[in-house]
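This report refers to the structure that appears directly beneath it.
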Amino acid sequence: MTHLPRSSRYDVIVIGAGAAGMMCAAQAGQRGRRVLILDHAAKLAEKIRISGGGRCNFTNLDVGMGNYLSRNPQFCRSALARYTPGHFLELIGRHGIAWHEREHGQLFCDDSAQDIIDMLRAECEDGRVDWAMPCTLQAVTAGDDPDARFALDTSHGRFECASLVVATGGLSIPKIGASPLGYKIAEQFGLAMVAPKPALVPLTLPPEELSIYKELAGMAFDAVAECGAGRFRENLLFTHRGLSGPVILQVSSYWQARDHGGPDGGSQVTVNLFPAEDVRAWLGERARSKSLLANLLTERLPKRFAQAFCDQRGWNKPTHQFNGKELDAIAEALSGWAITPNGTLGYAKAEVTLGGVDTRELSSKTMEARKQPGLFFVGEVMDVTGHLGGFNFQWAWASGHAAGQAA
């Protein structure tokens, strides 16, 4: 995709042609603003294209503040209330995009994520948005002219604008072009940052724990995982490096937020291996069984995991030989398996980035920087991180819409 801009001066320039950037540009353009989108990539919206297994989990039916992590948790309320999943469904309906619902309210395209990209591009065309792609941004400077507050030096020359929208995303998935550009612009204009970290990311285990479970790589089962204020029930997956699967990706964001303070973080992840029942009652019903405990546990857990779990704890005897206090301890371990990860698989395997531009620096209504009139931030570049399941795309739509109505 190669486009050359038609002018050197615009009302709005959007840096970043992803979900939030295109939403913002379309909204501003359809208000009659002269808009330019510039992006360093040659291919449009790769992160949308690869999302949801190529079908784009574009929103969720049950969106609320509780689906987001931020050091400023009230910040997302306004934008989410003003642009809801219903609004986005109305938009894709106008474009004839077929979709379906999966578990937990997740919505996906029937055909391809490309449908969402094509829709956003068409919305930008409706707003007569100009494009500069691929385009390298070399410098941003601020001036005193209210019609040209910002000057951008780029590989396509110099552009000026009244409003500058930073929609550069976070650091996740560097192979498709993630960069810290948005953070550098924020810091240039004196905005505080929340240190970025990989989020929705597989966790690694310390060597002593990994040695017990690495042979189980590829095994998955239903579990509840908790960390701080995060509690989720989905599949847990063993890997050669540690733990993954939807339930681990979900709690990983809370584990990464453990130094945020407050209830969001914790150094341990706790896993309930019996998510659907009272494990102590279940053991009580089988207390007289002559089966080895590991064999008994295969009623609920994969055999190799049950054996490894029991081997680690020395529970290699028939169930009827455990006394009541021992069964209490077994129940506690099965319902509260405490794991202390030693890291993550990093940005290469992370779905999103935790942290970013401190939202206390921004207007929750418009996404505009309080210290720098005309400077806006949208999407993943700021410290708002959604759960897995379409919530990060909904934040892109909502924040992009908010800024597009104001820039």
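Chain labels run A, B, ... following the order of the structure tokens; each chain numbers its residues from 1, and ligands are numbered from 1 in the order shown.
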Please tabulate, as a tab-separated table, the residues of segment 178-250 of chain A that come within 12 Å of segment 391-401 of chain A, each with its closest pair of atoms and the distance in Å to one decimal, counting only C-alpha atoms and ordering rows by chain, then residue number upward.
```
residue	atom	partner	partner_atom	distance
A:Ala199	CA	A:Asn392	CA	11.5
A:Leu200	CA	A:Asn392	CA	10.8
A:Gln250	CA	A:Phe391	CA	11.7
```
Selected residues written out, C-alpha atoms, as a short mmCIF file (atom, residue, chain, number, x, y, z; two decimals), in the first residue's frame:
```
data_model
loop_
_atom_site.label_atom_id
_atom_site.label_comp_id
_atom_site.auth_asym_id
_atom_site.auth_seq_id
_atom_site.Cartn_x
_atom_site.Cartn_y
_atom_site.Cartn_z
CA ALA A 199 0.77 -8.64 28.79
CA LEU A 200 -1.61 -11.43 27.78
CA GLN A 250 -5.52 -13.58 31.29
#
```
Would you pick out the contacts of Asn67 of chain A at 10 Å or less, using only C-alpha atoms, so that residues sharing its chain but fewer than 5 positions from it are not included, and give the list as an mmCIF file with N, CA and C atoms, in the first residue's frame?
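The result, written out as selection05.cif:
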```cif
data_model
loop_
_atom_site.group_PDB
_atom_site.id
_atom_site.type_symbol
_atom_site.label_atom_id
_atom_site.label_comp_id
_atom_site.auth_asym_id
_atom_site.auth_seq_id
_atom_site.Cartn_x
_atom_site.Cartn_y
_atom_site.Cartn_z
ATOM 1 N N ASP A 62 -19.894 -8.119 26.503
ATOM 2 C CA ASP A 62 -19.969 -7.744 27.918
ATOM 3 C C ASP A 62 -18.764 -6.902 28.299
ATOM 4 N N GLY A 230 -7.470 -10.495 39.514
ATOM 5 C CA GLY A 230 -7.866 -11.242 38.321
ATOM 6 C C GLY A 230 -8.213 -12.679 38.632
ATOM 7 N N VAL A 384 -3.941 1.522 29.326
ATOM 8 C CA VAL A 384 -5.238 0.845 29.435
ATOM 9 C C VAL A 384 -5.064 -0.500 28.744
ATOM 10 N N THR A 385 -5.195 -1.587 29.495
ATOM 11 C CA THR A 385 -4.949 -2.927 28.958
ATOM 12 C C THR A 385 -6.162 -3.804 29.197
ATOM 13 N N GLY A 386 -6.751 -4.298 28.128
ATOM 14 C CA GLY A 386 -7.952 -5.109 28.245
ATOM 15 C C GLY A 386 -7.662 -6.581 28.469
ATOM 16 N N HIS A 387 -8.674 -7.283 28.946
ATOM 17 C CA HIS A 387 -8.617 -8.737 29.023
ATOM 18 C C HIS A 387 -8.591 -9.326 27.617
ATOM 19 N N LEU A 388 -8.242 -10.596 27.533
ATOM 20 C CA LEU A 388 -8.357 -11.360 26.301
ATOM 21 C C LEU A 388 -9.840 -11.514 25.958
ATOM 22 N N GLY A 389 -10.180 -11.404 24.679
ATOM 23 C CA GLY A 389 -11.563 -11.665 24.307
ATOM 24 C C GLY A 389 -12.257 -10.532 23.582
ATOM 25 N N PHE A 391 -11.638 -7.181 24.129
ATOM 26 C CA PHE A 391 -11.705 -5.952 24.926
ATOM 27 C C PHE A 391 -10.692 -4.904 24.468
ATOM 28 N N ASN A 392 -9.526 -5.340 23.992
ATOM 29 C CA ASN A 392 -8.544 -4.369 23.525
ATOM 30 C C ASN A 392 -8.974 -3.718 22.220
#
```
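Using only C-alpha atoms, the smallest distance between any of A:His156, A:Lys197, A:Lys290, A:Arg280 and Ser252 of chain A comes from A:Lys197.
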Could you write out, as a ChimeraX atom specification, all the residues of segment 156-403 of chain A that DSSP marks as strand (DSSP E or B)?
/A:157-166,193-199,203-204,220-227,230-238,242-244,269-272,292,318,337-339,343-344,352-357,362,368-369,375-377,382,385-386
Please identify all polymer residues within 7 Å of segment 20-34 of chain A, counting only C-alpha atoms, omitting same-chain residues fewer than 6 positions from it, and present them as a ChimeraX atom specification.
/A:10-12,14,120,123-124,126-129,167,378-379,396-397,399-401,403-405,407
Using N, CA and C atoms, can you export the residues from the last selection as a CSV table (one decimal), in the first residue's frame?
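New file part13.csv:
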```csv
chain,number,residue,atom,x,y,z
A,10,TYR,N,-2.5,19.9,7.4
A,10,TYR,CA,-3.7,19.2,7.7
A,10,TYR,C,-4.3,19.7,9.0
A,11,ASP,N,-5.6,19.5,9.2
A,11,ASP,CA,-6.2,19.8,10.5
A,11,ASP,C,-5.7,18.7,11.5
A,12,VAL,N,-5.7,17.5,11.1
A,12,VAL,CA,-5.4,16.3,12.0
A,12,VAL,C,-4.4,15.4,11.2
A,14,VAL,N,-2.7,11.7,12.0
A,14,VAL,CA,-2.7,10.5,12.9
A,14,VAL,C,-1.5,9.6,12.6
A,120,LEU,N,-12.6,-0.3,7.8
A,120,LEU,CA,-12.0,0.9,8.3
A,120,LEU,C,-11.4,1.8,7.2
A,123,GLU,N,-14.3,3.5,5.6
A,123,GLU,CA,-14.7,4.6,6.5
A,123,GLU,C,-13.8,5.8,6.3
A,124,CYS,N,-12.5,5.6,6.3
A,124,CYS,CA,-11.5,6.7,6.1
A,124,CYS,C,-11.7,7.3,4.7
A,126,ASP,N,-14.5,7.5,3.1
A,126,ASP,CA,-15.7,8.4,3.3
A,126,ASP,C,-15.3,9.7,3.9
A,127,GLY,N,-14.3,9.8,4.7
A,127,GLY,CA,-13.9,11.0,5.3
A,127,GLY,C,-12.8,11.7,4.5
A,128,ARG,N,-12.5,11.2,3.3
A,128,ARG,CA,-11.5,11.8,2.4
A,128,ARG,C,-10.1,11.9,3.1
A,129,VAL,N,-9.8,10.9,3.9
A,129,VAL,CA,-8.5,10.8,4.6
A,129,VAL,C,-7.4,10.6,3.6
A,167,ALA,N,-1.2,7.1,17.6
A,167,ALA,CA,-1.9,5.8,17.6
A,167,ALA,C,-0.9,4.7,17.2
A,378,VAL,N,-4.3,7.5,21.5
A,378,VAL,CA,-5.4,6.5,21.5
A,378,VAL,C,-4.9,5.1,21.4
A,379,GLY,N,-5.7,4.2,21.9
A,379,GLY,CA,-5.4,2.7,21.8
A,379,GLY,C,-4.4,2.2,22.8
A,396,ALA,N,-9.7,0.3,21.4
A,396,ALA,CA,-9.3,1.0,20.2
A,396,ALA,C,-10.4,1.7,19.6
A,397,TRP,N,-11.6,1.1,19.4
A,397,TRP,CA,-12.7,1.8,18.8
A,397,TRP,C,-13.2,2.9,19.7
A,399,SER,N,-11.6,4.7,22.2
A,399,SER,CA,-10.7,5.8,22.4
A,399,SER,C,-10.5,6.5,21.0
A,400,GLY,N,-10.4,5.7,19.9
A,400,GLY,CA,-10.3,6.4,18.6
A,400,GLY,C,-11.5,7.2,18.3
A,401,HIS,N,-12.7,6.8,18.6
A,401,HIS,CA,-13.9,7.5,18.4
A,401,HIS,C,-13.9,8.8,19.2
A,403,ALA,N,-11.3,10.5,20.4
A,403,ALA,CA,-10.4,11.5,19.9
A,403,ALA,C,-10.8,12.0,18.5
A,404,GLY,N,-11.4,11.2,17.7
A,404,GLY,CA,-11.8,11.6,16.4
A,404,GLY,C,-12.9,12.6,16.4
A,405,GLN,N,-13.7,12.6,17.5
A,405,GLN,CA,-14.8,13.6,17.7
A,405,GLN,C,-14.2,14.9,18.2
A,407,ALA,N,-10.5,15.9,17.8
A,407,ALA,CA,-9.3,16.4,17.2
A,407,ALA,C,-9.6,17.4,16.1
```
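Residues in contact with Thr319 of chain A at up to 8 Å, not including ones fewer than 5 positions away on its chain and judged by only C-alpha atoms, are Arg286, Ala287, Arg288, Ser289, Lys290, Ser291, Leu292, Leu293 and Leu296 of chain A.
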Which residues are close to Cys135 of chain A, i.e. within 6 Å by only C-alpha atoms, leaving aside same-chain residues fewer than 2 positions away? Reply as a list in words.
Asp39, His40, Ala132, Met133 and Ser155 of chain A
Restrict the selected residues to C-alpha atoms and save them as a compact mmCIF listing (two decimals), in the first residue's frame.
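Output below, filename part_15.txt:
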```txt
# COMPACT_ATOMS: atom_id res chain seq x y z
CA ASP A 39 2.50 4.75 9.12
CA HIS A 40 5.93 3.20 8.73
CA ALA A 132 1.32 8.31 3.72
CA MET A 133 2.49 4.70 3.76
CA SER A 155 10.51 10.60 4.61
```
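The protein and nucleic acid residues lying at most 8 Å from segment 102-108 of chain A are Gly52, Arg55, Cys56, Asn57, Phe58, Thr59, Asn60, Leu61, Asp62, Gly389 and Gly390 of chain A, with only C-alpha atoms considered and sequence neighbours fewer than 5 positions away removed.
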Please save all heavy atoms of the selected residues as a short mmCIF file (atom, residue, chain, number, x, y, z; two decimals), in the first residue's frame.
```
data_model
loop_
_atom_site.label_atom_id
_atom_site.label_comp_id
_atom_site.auth_asym_id
_atom_site.auth_seq_id
_atom_site.Cartn_x
_atom_site.Cartn_y
_atom_site.Cartn_z
N GLY A 52 -7.16 -13.04 16.32
CA GLY A 52 -8.25 -14.02 16.39
C GLY A 52 -8.10 -15.15 15.40
O GLY A 52 -9.08 -15.62 14.84
N ARG A 55 -9.47 -14.19 12.13
CA ARG A 55 -10.89 -13.80 12.04
C ARG A 55 -11.25 -12.61 12.92
O ARG A 55 -12.41 -12.19 12.93
CB ARG A 55 -11.78 -15.00 12.37
CG ARG A 55 -11.70 -16.07 11.28
CD ARG A 55 -12.83 -17.06 11.34
NE ARG A 55 -12.81 -17.93 10.18
CZ ARG A 55 -13.65 -18.94 9.98
NH1 ARG A 55 -14.58 -19.18 10.89
NH2 ARG A 55 -13.56 -19.68 8.91
N CYS A 56 -10.30 -12.07 13.63
CA CYS A 56 -10.45 -10.83 14.39
C CYS A 56 -11.57 -10.88 15.43
O CYS A 56 -12.75 -10.72 15.11
CB CYS A 56 -10.67 -9.62 13.47
SG CYS A 56 -10.62 -8.05 14.35
N ASN A 57 -11.19 -11.08 16.68
CA ASN A 57 -12.13 -11.00 17.80
C ASN A 57 -12.35 -9.52 18.09
O ASN A 57 -11.73 -8.94 18.95
CB ASN A 57 -11.53 -11.73 19.00
CG ASN A 57 -12.38 -11.71 20.24
OD1 ASN A 57 -11.90 -12.07 21.31
ND2 ASN A 57 -13.64 -11.30 20.14
N PHE A 58 -13.27 -8.90 17.31
CA PHE A 58 -13.32 -7.44 17.20
C PHE A 58 -13.99 -6.73 18.37
O PHE A 58 -13.83 -5.53 18.54
CB PHE A 58 -13.98 -7.02 15.88
CG PHE A 58 -15.36 -7.60 15.65
CD1 PHE A 58 -16.47 -7.06 16.26
CD2 PHE A 58 -15.52 -8.70 14.81
CE1 PHE A 58 -17.73 -7.59 16.05
CE2 PHE A 58 -16.78 -9.24 14.60
CZ PHE A 58 -17.89 -8.68 15.21
N THR A 59 -14.75 -7.43 19.18
CA THR A 59 -15.29 -6.85 20.41
C THR A 59 -15.85 -7.97 21.29
O THR A 59 -15.70 -9.15 20.99
CB THR A 59 -16.36 -5.76 20.14
OG1 THR A 59 -16.63 -5.06 21.36
CG2 THR A 59 -17.66 -6.35 19.63
N ASN A 60 -16.51 -7.58 22.36
CA ASN A 60 -17.12 -8.51 23.28
C ASN A 60 -18.47 -7.94 23.70
O ASN A 60 -18.62 -6.73 23.84
CB ASN A 60 -16.22 -8.71 24.51
CG ASN A 60 -16.61 -9.90 25.34
OD1 ASN A 60 -17.66 -9.92 25.98
ND2 ASN A 60 -15.76 -10.92 25.35
N LEU A 61 -19.43 -8.80 23.89
CA LEU A 61 -20.78 -8.34 24.25
C LEU A 61 -20.87 -7.79 25.67
O LEU A 61 -21.82 -7.08 26.01
CB LEU A 61 -21.79 -9.48 24.09
CG LEU A 61 -22.09 -9.92 22.65
CD1 LEU A 61 -23.03 -11.12 22.67
CD2 LEU A 61 -22.68 -8.77 21.84
N ASP A 62 -19.89 -8.12 26.50
CA ASP A 62 -19.97 -7.74 27.92
C ASP A 62 -18.76 -6.90 28.30
O ASP A 62 -17.82 -7.38 28.93
CB ASP A 62 -20.04 -9.01 28.78
CG ASP A 62 -20.27 -8.70 30.24
OD1 ASP A 62 -20.79 -7.60 30.55
OD2 ASP A 62 -19.91 -9.54 31.09
N GLY A 389 -10.18 -11.40 24.68
CA GLY A 389 -11.56 -11.67 24.31
C GLY A 389 -12.26 -10.53 23.58
O GLY A 389 -13.48 -10.43 23.62
N GLY A 390 -11.51 -9.64 22.93
CA GLY A 390 -12.10 -8.54 22.17
C GLY A 390 -12.09 -7.20 22.89
O GLY A 390 -12.48 -6.19 22.32
#
```
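Distance-wise, atom CA of Thr359 of chain A and atom CA of Ala257 of chain A end up 15.6 Å apart.
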What's around Arg313 of chain A at 10 Å? Count only C-alpha atoms, leave out sequence neighbours fewer than 5 positions away in its own chain, and write the answer as a PDB file with N, CA, C and O atoms, in the first residue's frame.
```
ATOM      1  N   ALA A 308       2.515 -36.563  38.043  1.00  0.00           N
ATOM      2  CA  ALA A 308       3.599 -35.622  38.339  1.00  0.00           C
ATOM      3  C   ALA A 308       3.273 -34.788  39.573  1.00  0.00           C
ATOM      4  O   ALA A 308       4.148 -34.527  40.413  1.00  0.00           O
ATOM      5  N   ILE A 330      -4.326 -32.059  50.953  1.00  0.00           N
ATOM      6  CA  ILE A 330      -4.406 -32.418  49.529  1.00  0.00           C
ATOM      7  C   ILE A 330      -5.450 -31.552  48.832  1.00  0.00           C
ATOM      8  O   ILE A 330      -5.223 -31.018  47.736  1.00  0.00           O
ATOM      9  N   ALA A 333      -4.110 -28.112  48.281  1.00  0.00           N
ATOM     10  CA  ALA A 333      -3.131 -28.042  47.192  1.00  0.00           C
ATOM     11  C   ALA A 333      -3.809 -28.126  45.826  1.00  0.00           C
ATOM     12  O   ALA A 333      -3.408 -27.436  44.881  1.00  0.00           O
TER      13      ALA A 333
END
```
Can you list, as a ChimeraX atom specification, all residues belonging to segment 94-282 of chain A that DSSP tags as helix (DSSP H, G or I)?
/A:94,103-105,114-126,174-176,181-188,207-216,246-259,262-264,279-282
